[in-house]
Amino acid sequence: MRAIRRFTVRTVLPAELADLDDLAHNLRWSWHAPTRDLFASVDEALWAEVAGDPVALLGALGPERLAALAQDEAFVGRVHAAAADLRRYLTAPRWYQEQDKADLPASIAYFSPEYGITSVLPQYSGGLGILAGDHLKSASDLGVPIVGVGLLYGSGYFKQSLTRDGWQLETYPVLDPDGLPLTLVREEDGSPARVSIDLPGGRTLNANIWSAAVGRIPLLLLDSNIPDNDELARKVTDRLYGGGGEYRLQQELLLGVGGVRALRIWSRLTGAPAPEVFHMNEGHAGFLGVERIRELVTERGLDFDAAREAVRASTVFTTHTPVPAGIDRFEARLVAQYFGGDNAVDGIPVERVLELGAEDYEGGDPLLFNMAVMGLRLGGRANGVSLLHGDVSRDMFNGLWQGFDSAEVPIGSITNGVHSPTWVDRKLADLAASRLTPEEIATGSGWLRPDGVSDAELWEVRHELRAQLVADARARVGSSWHQRGASPAELGWLDDVLSPDVLTIGFARRVPTYKRLTLMLRDTDRLRALLTDPERPVQLIVAGKSHPADDQGKRLIQQLVRFADEPDVRHRIVFLPNYDIGMAQTLLPGCDVWLNNPLRPLEASGTSGMKSALNGGLNLSVLDGWWDEWFDGENGWAIPTADGVDDAERRDDLEAAALYDLIEHQVAARFYDRDERGLPVHWLEMVRHTLATLGPKVQATRMVADYVRHLYVPAAVAGRDLDEDDFAGARELARWKERVRAGWSHVRVDHVESGGVSDVPQVGDELHVKAYISLGDLTPQDVEVQVLHGRVTENDELTTFSVAALDVAETFELGRYSFAGVVRLEASGPFGYTVRIVPRHRGLTSVADVGLVANAAG
Ligand SMILES: *Cc1c(COP(=O)(O)O)cnc(C)c1O
């Protein structure tokens, strides 16, 4: 075979059309319909052929066509207007610029292993990546100065197709970065800017940096496929989630360590301010913390502990899954090779690095290095992605904070959101814009105004969305069958696949086991009856990719495909191969009902149901993730779960039966309940209620604003506090923690006395508490002595409690003190209290920060 060297020759645009290049290279077009219209107007047929990819469209235009366009004054005028509009979007003050400036970070670095922005840039596998894409887009809309950091995978994730027998096939088309909406970052002399990382055995991993413009947000993507690398190093960024072990470790080193280095280069070349806050979107990027520690040790002269404090204060960690398989764990031995031996850095002992990810708690594996654990240890602030997931995460990681109840584990929550300009179908957006004020759309209230959008109009647009989906799904089923080797003669039935008038239920997501793709197949007779009901039929559209190494997932897909292939149901249930953003943008708006039936509580948030809701779809879901928080009885249906039933088979049977019942008696019944005009009035009430009440909540702008207020600003403030005066605060905090740790074994509550309440205690009484304590060498200023008080359970446990601090009352010799204070009894019922001592310092991010506590005994 000949070695073909390939590259893409860029079109040289005539000067009049130069702005088109900027418009194509700023991904704002992916959520800005007028810009897409401009590109489409160049050549509608070509636009369809290149599947809506502006860079590909420009690349396909010959010089003559371009010359003609440059002569077309009207067209040139539209190009200039679109470019002016983009410039306004990029420079005008937005929400962030209206906030109180003093505490706002000048820049925030956001690290994620994947980004789902548009189908044109296939650098995502599922929800995590699309969330990251929506985060950047919404940050852009709000004017939040984020810089994204990630990897550029040569083949992205993979393309899914099916064998005749319904087995998933994967292909890995090679992407050419020059043909993507990316720009190579170059040094002033024109050479590619280069990130390098030393590997064991004297090897080096080099990477180029590509930048994508996501509206106002630069996204830096590292690409190791360059000639300077050896063959193995070139492959480090070949695929997303393409393997485990050392390959994955090298990817994560490049992301974390290389990513920080890329940011420094970016600042040097563009003058962009250095990030004040670093956000790890899941544990994969955790090594960024180690690299920042290295910078502070080798360049600023801090020791490891002081550097670690400075890094922690300004790092935010978001955990995205309670599923163990979703968390990266490496052999500690392997990590040691990359941070020890020849590769060790002075001042960064390898044992200290290994401690960061050590599972040194009950149930942990001492041989493994856990990236989520490192994220929690290096992230001074951490969060889950829904209220329920916050709860589940506090339980799951409680072992890292021994001596504290799970309620005090310092992991909060910010519920995910989705970027509405990306996910609301244009037909619905246009209808809303034509009838409602921007204010009414933003607050959702417009949907409740009877003279806004009428029932007939709302139903009409829902029908159009469904019809658009049916047409798209037919085409996809057709090409899938073609690809599976069927001849046209066998496929006459394709014209009748799905109907634009039938109640349409969608289910599309990745296929890990916990998402239970095949729950709907538990009782195939029952499902068949629902699909083929002569009066109130249901149709199901299903999609999703299984990880290439997950044969169990592929078997689930095969089961589903085989059922969908059966002649008596194939017009009512389809599996669409290769679920991606492009498909989702038609599928989600077109479904009347969005189904989700994970094994509770393993779905951290889920976001596809939010996209459905934004289009007036009704959710039918297990009360997990975001739905547990926002289901209100009127915006869809909750599938009852058999929580606590340990037998997995029985649990699935019970939950599936509940699902069939709901579909038959509630969902279909309501959908087909029509008035004299043929309108499902009750259904439409639910649609309006969904648009009005969920619409504002599920926005990613709400989510990003929450991150700014609750995490980025506090992290920036804490970071500055420790950085000032050559990191005086960081050094002092590290020394203080060292002293407190060393002395803690002598800290104890010796004796507690109380008085003040009447013989029959009543609300309003004041309980006087006095605690005699020993502090050894520590001082009263080093600690807080607390009374935890509240209602006790039957087992004398305080599960929810308030905290009151006591004050020093007396000083005795040998490090002994008494502390005293008053607790008012606020509520009737069984009351209990206890005393504990915790470390106190203004630099601590939570009561559990140091992980030390001395509880009163017995
Ligand atoms: C939204 C989306 C997801 C995530 O869906 P979940 O409900 O969070 O599982 C995955 N893939 C695509 C293409 C999406 O658009």
# chains A, B, ... in the order shown; residues from 1 in each chain; ligands from 1

call {"tool": "residues_around", "arguments": {"residues": "segment 398-414 of chain A", "least_positions_apart": "2", "cutoff": "7 Å", "atoms": "only C-alpha atoms", "output": "number ranges by chain"}}
result
A: 361-362, 382-387, 390, 394-396, 416, 703, 706, 846, 848, 851, 853

call {"tool": "residues_around", "arguments": {"residues": "Leu602 of chain A", "least_positions_apart": "4", "cutoff": "9 Å", "atoms": "only C-alpha atoms", "output": "ChimeraX atom specification"}}
result
/A:321-323,389,392,514-515,598,624-625

call {"tool": "write_last_selection", "arguments": {"atoms": "N, CA and C atoms", "output": "PDB file, in the first residue's frame"}}
result
ATOM      1  N   THR A 321     -20.960  10.915  38.249  1.00  0.00           N
ATOM      2  CA  THR A 321     -21.560   9.586  38.224  1.00  0.00           C
ATOM      3  C   THR A 321     -21.362   8.845  39.530  1.00  0.00           C
ATOM      4  N   PRO A 322     -22.413   8.155  39.983  1.00  0.00           N
ATOM      5  CA  PRO A 322     -22.238   7.255  41.104  1.00  0.00           C
ATOM      6  C   PRO A 322     -21.948   5.831  40.630  1.00  0.00           C
ATOM      7  N   VAL A 323     -21.748   5.629  39.317  1.00  0.00           N
ATOM      8  CA  VAL A 323     -21.496   4.286  38.799  1.00  0.00           C
ATOM      9  C   VAL A 323     -19.989   4.034  38.818  1.00  0.00           C
ATOM     10  N   HIS A 389     -28.225  13.496  43.310  1.00  0.00           N
ATOM     11  CA  HIS A 389     -26.866  13.039  43.072  1.00  0.00           C
ATOM     12  C   HIS A 389     -25.898  13.623  44.101  1.00  0.00           C
ATOM     13  N   VAL A 392     -26.328  11.308  47.015  1.00  0.00           N
ATOM     14  CA  VAL A 392     -25.725  10.006  46.733  1.00  0.00           C
ATOM     15  C   VAL A 392     -24.193  10.123  46.791  1.00  0.00           C
ATOM     16  N   TYR A 514     -26.998   0.235  33.479  1.00  0.00           N
ATOM     17  CA  TYR A 514     -27.928   0.853  34.437  1.00  0.00           C
ATOM     18  C   TYR A 514     -29.023   1.669  33.760  1.00  0.00           C
ATOM     19  N   LYS A 515     -28.827   2.023  32.491  1.00  0.00           N
ATOM     20  CA  LYS A 515     -29.862   2.810  31.813  1.00  0.00           C
ATOM     21  C   LYS A 515     -31.000   1.929  31.282  1.00  0.00           C
ATOM     22  N   PRO A 598     -33.747   4.524  34.183  1.00  0.00           N
ATOM     23  CA  PRO A 598     -32.511   4.012  34.785  1.00  0.00           C
ATOM     24  C   PRO A 598     -32.806   3.294  36.096  1.00  0.00           C
ATOM     25  N   ASP A 624     -35.342   9.845  39.124  1.00  0.00           N
ATOM     26  CA  ASP A 624     -33.900   9.837  39.316  1.00  0.00           C
ATOM     27  C   ASP A 624     -33.336  11.120  38.716  1.00  0.00           C
ATOM     28  N   GLY A 625     -32.121  11.499  39.171  1.00  0.00           N
ATOM     29  CA  GLY A 625     -31.448  12.675  38.605  1.00  0.00           C
ATOM     30  C   GLY A 625     -32.336  13.908  38.693  1.00  0.00           C
TER      31      GLY A 625
END

call {"tool": "residues_around", "arguments": {"residues": "Ala771 of chain A", "least_positions_apart": "2", "cutoff": "8 Å", "atoms": "only C-alpha atoms", "output": "PyMOL selection string"}}
result
chain A and resi 749-753+769+773+818-820+835

call {"tool": "residues_near_ligand", "arguments": {"ligand": "ligand 1", "cutoff": "8 Å", "atoms": "only C-alpha atoms and all ligand atoms", "output": "CSV table (one decimal) with C-alpha atoms, in the first residue's frame"}}
result
chain,number,residue,atom,x,y,z
A,125,SER,CA,-19.6,10.2,23.5
A,126,GLY,CA,-22.6,11.3,25.3
A,127,GLY,CA,-24.1,13.4,28.1
A,128,LEU,CA,-20.8,14.4,29.8
A,130,ILE,CA,-22.7,17.6,25.5
A,131,LEU,CA,-23.0,19.1,29.0
A,508,ALA,CA,-32.1,7.6,23.3
A,509,ARG,CA,-28.9,7.6,25.3
A,510,ARG,CA,-25.7,5.6,25.8
A,544,GLY,CA,-28.0,4.7,21.5
A,579,TYR,CA,-27.2,8.6,17.9
A,580,ASP,CA,-25.5,12.0,17.8
A,581,ILE,CA,-26.2,15.7,18.2
A,582,GLY,CA,-27.6,16.0,14.7
A,583,MET,CA,-30.1,13.2,15.3
A,584,ALA,CA,-31.0,14.4,18.8
A,585,GLN,CA,-31.9,17.8,17.4
A,596,ASN,CA,-36.1,7.3,30.9
A,605,SER,CA,-28.8,14.0,36.3
A,606,GLY,CA,-29.7,13.1,32.7
A,607,THR,CA,-30.2,16.0,30.3
A,608,SER,CA,-32.0,14.6,27.3
A,609,GLY,CA,-35.4,14.9,29.2
A,611,LYS,CA,-34.2,19.1,26.0

call {"tool": "residues_around", "arguments": {"residues": "Ala332 of chain A", "least_positions_apart": "2", "cutoff": "6 Å", "atoms": "only C-alpha atoms", "output": "list in words"}}
result
Phe330, Leu334, Val335, Leu367, Leu368 and Phe369 of chain A

call {"tool": "residues_around", "arguments": {"residues": "Thr270 of chain A", "least_positions_apart": "3", "cutoff": "12 Å", "atoms": "only C-alpha atoms", "output": "list in words"}}
result
Val185, Arg186, Glu187, Glu188, Ser211, Pro218, Ala262, Leu263, Arg264, Ile265, Trp266, Ser267, Pro273 and Ala274 of chain A

call {"tool": "write_last_selection", "arguments": {"atoms": "N, CA, C and O atoms", "output": "PDB file, in the first residue's frame"}}
result
ATOM      1  N   VAL A 185      -2.805  26.797  16.790  1.00  0.00           N
ATOM      2  CA  VAL A 185      -2.170  27.873  17.566  1.00  0.00           C
ATOM      3  C   VAL A 185      -0.687  27.912  17.195  1.00  0.00           C
ATOM      4  O   VAL A 185      -0.007  26.883  17.234  1.00  0.00           O
ATOM      5  N   ARG A 186      -0.215  29.094  16.810  1.00  0.00           N
ATOM      6  CA  ARG A 186       1.176  29.222  16.340  1.00  0.00           C
ATOM      7  C   ARG A 186       1.965  30.207  17.190  1.00  0.00           C
ATOM      8  O   ARG A 186       1.413  31.160  17.734  1.00  0.00           O
ATOM      9  N   GLU A 187       3.260  29.948  17.245  1.00  0.00           N
ATOM     10  CA  GLU A 187       4.177  30.893  17.865  1.00  0.00           C
ATOM     11  C   GLU A 187       4.297  32.120  16.964  1.00  0.00           C
ATOM     12  O   GLU A 187       3.879  32.100  15.804  1.00  0.00           O
ATOM     13  N   GLU A 188       4.924  33.176  17.496  1.00  0.00           N
ATOM     14  CA  GLU A 188       5.039  34.392  16.700  1.00  0.00           C
ATOM     15  C   GLU A 188       5.789  34.158  15.384  1.00  0.00           C
ATOM     16  O   GLU A 188       5.517  34.796  14.378  1.00  0.00           O
ATOM     17  N   SER A 211      -7.290  25.643  18.378  1.00  0.00           N
ATOM     18  CA  SER A 211      -8.307  26.403  19.112  1.00  0.00           C
ATOM     19  C   SER A 211      -9.595  26.420  18.314  1.00  0.00           C
ATOM     20  O   SER A 211      -9.588  26.522  17.088  1.00  0.00           O
ATOM     21  N   PRO A 218     -12.802  30.574  23.963  1.00  0.00           N
ATOM     22  CA  PRO A 218     -11.813  29.774  23.254  1.00  0.00           C
ATOM     23  C   PRO A 218     -11.779  28.356  23.846  1.00  0.00           C
ATOM     24  O   PRO A 218     -11.863  28.198  25.065  1.00  0.00           O
ATOM     25  N   ALA A 262      -0.722  24.280  27.948  1.00  0.00           N
ATOM     26  CA  ALA A 262      -1.332  24.931  26.779  1.00  0.00           C
ATOM     27  C   ALA A 262      -1.935  26.279  27.171  1.00  0.00           C
ATOM     28  O   ALA A 262      -1.839  27.259  26.428  1.00  0.00           O
ATOM     29  N   LEU A 263      -2.545  26.323  28.353  1.00  0.00           N
ATOM     30  CA  LEU A 263      -3.130  27.593  28.819  1.00  0.00           C
ATOM     31  C   LEU A 263      -2.059  28.662  28.991  1.00  0.00           C
ATOM     32  O   LEU A 263      -2.279  29.836  28.690  1.00  0.00           O
ATOM     33  N   ARG A 264      -0.895  28.240  29.510  1.00  0.00           N
ATOM     34  CA  ARG A 264       0.188  29.223  29.692  1.00  0.00           C
ATOM     35  C   ARG A 264       0.649  29.754  28.341  1.00  0.00           C
ATOM     36  O   ARG A 264       0.921  30.948  28.175  1.00  0.00           O
ATOM     37  N   ILE A 265       0.758  28.862  27.372  1.00  0.00           N
ATOM     38  CA  ILE A 265       1.172  29.288  26.027  1.00  0.00           C
ATOM     39  C   ILE A 265       0.124  30.244  25.443  1.00  0.00           C
ATOM     40  O   ILE A 265       0.441  31.282  24.865  1.00  0.00           O
ATOM     41  N   TRP A 266      -1.131  29.868  25.627  1.00  0.00           N
ATOM     42  CA  TRP A 266      -2.232  30.683  25.105  1.00  0.00           C
ATOM     43  C   TRP A 266      -2.188  32.098  25.698  1.00  0.00           C
ATOM     44  O   TRP A 266      -2.327  33.091  24.986  1.00  0.00           O
ATOM     45  N   SER A 267      -1.948  32.188  26.997  1.00  0.00           N
ATOM     46  CA  SER A 267      -1.869  33.506  27.632  1.00  0.00           C
ATOM     47  C   SER A 267      -0.687  34.304  27.079  1.00  0.00           C
ATOM     48  O   SER A 267      -0.803  35.497  26.805  1.00  0.00           O
ATOM     49  N   PRO A 273      -5.773  36.794  30.233  1.00  0.00           N
ATOM     50  CA  PRO A 273      -5.385  36.704  31.640  1.00  0.00           C
ATOM     51  C   PRO A 273      -5.245  35.250  32.070  1.00  0.00           C
ATOM     52  O   PRO A 273      -5.918  34.367  31.542  1.00  0.00           O
ATOM     53  N   ALA A 274      -4.353  35.004  33.036  1.00  0.00           N
ATOM     54  CA  ALA A 274      -4.190  33.646  33.552  1.00  0.00           C
ATOM     55  C   ALA A 274      -5.461  33.258  34.305  1.00  0.00           C
ATOM     56  O   ALA A 274      -6.041  34.084  35.006  1.00  0.00           O
TER      57      ALA A 274
END

call {"tool": "select_by_dssp", "arguments": {"residues": "segment 507-701 of chain A", "states": "helix (DSSP H, G or I)", "output": "number ranges by chain"}}
result
A: 513-515, 517-521, 524-531, 551-564, 581-590, 608-614, 625-630, 648-671, 681-697, 700-701

call {"tool": "residues_around", "arguments": {"residues": "segment 465-468 of chain A", "least_positions_apart": "2", "cutoff": "10 Å", "atoms": "only C-alpha atoms", "output": "PyMOL selection string"}}
result
chain A and resi 425-428+459-463+470-473+498-504+586-592+615

call {"tool": "residues_around", "arguments": {"residues": "Gly245 of chain A", "least_positions_apart": "3", "cutoff": "10 Å", "atoms": "only C-alpha atoms", "output": "ChimeraX atom specification"}}
result
/A:248-250,328-331,334

call {"tool": "closest_atom_pairs", "arguments": {"of": "segment 670-745 of chain A", "to": "segment 647-664 of chain A", "cutoff": "12 Å", "atoms": "only C-alpha atoms", "output": "CSV"}}
result
residue,atom,partner,partner_atom,distance
A:Arg670,CA,A:Glu664,CA,9.4
A:Phe671,CA,A:Ile663,CA,10.1
A:Tyr672,CA,A:Glu664,CA,10.9

call {"tool": "closest_residue", "arguments": {"among": "A:Val823, A:Val418, A:Val424, A:Ala856", "to": "Glu766 of chain A", "atoms": "only C-alpha atoms"}}
result
A:Val823

call {"tool": "atom_distance", "arguments": {"atom1": "atom CA of Asp303 of chain A", "atom2": "atom CA of Ile348 of chain A"}}
result
8.5 Å

call {"tool": "atom_distance", "arguments": {"atom1": "atom CA of Asp22 of chain A", "atom2": "atom CA of Pro105 of chain A"}}
result
28.1 Å
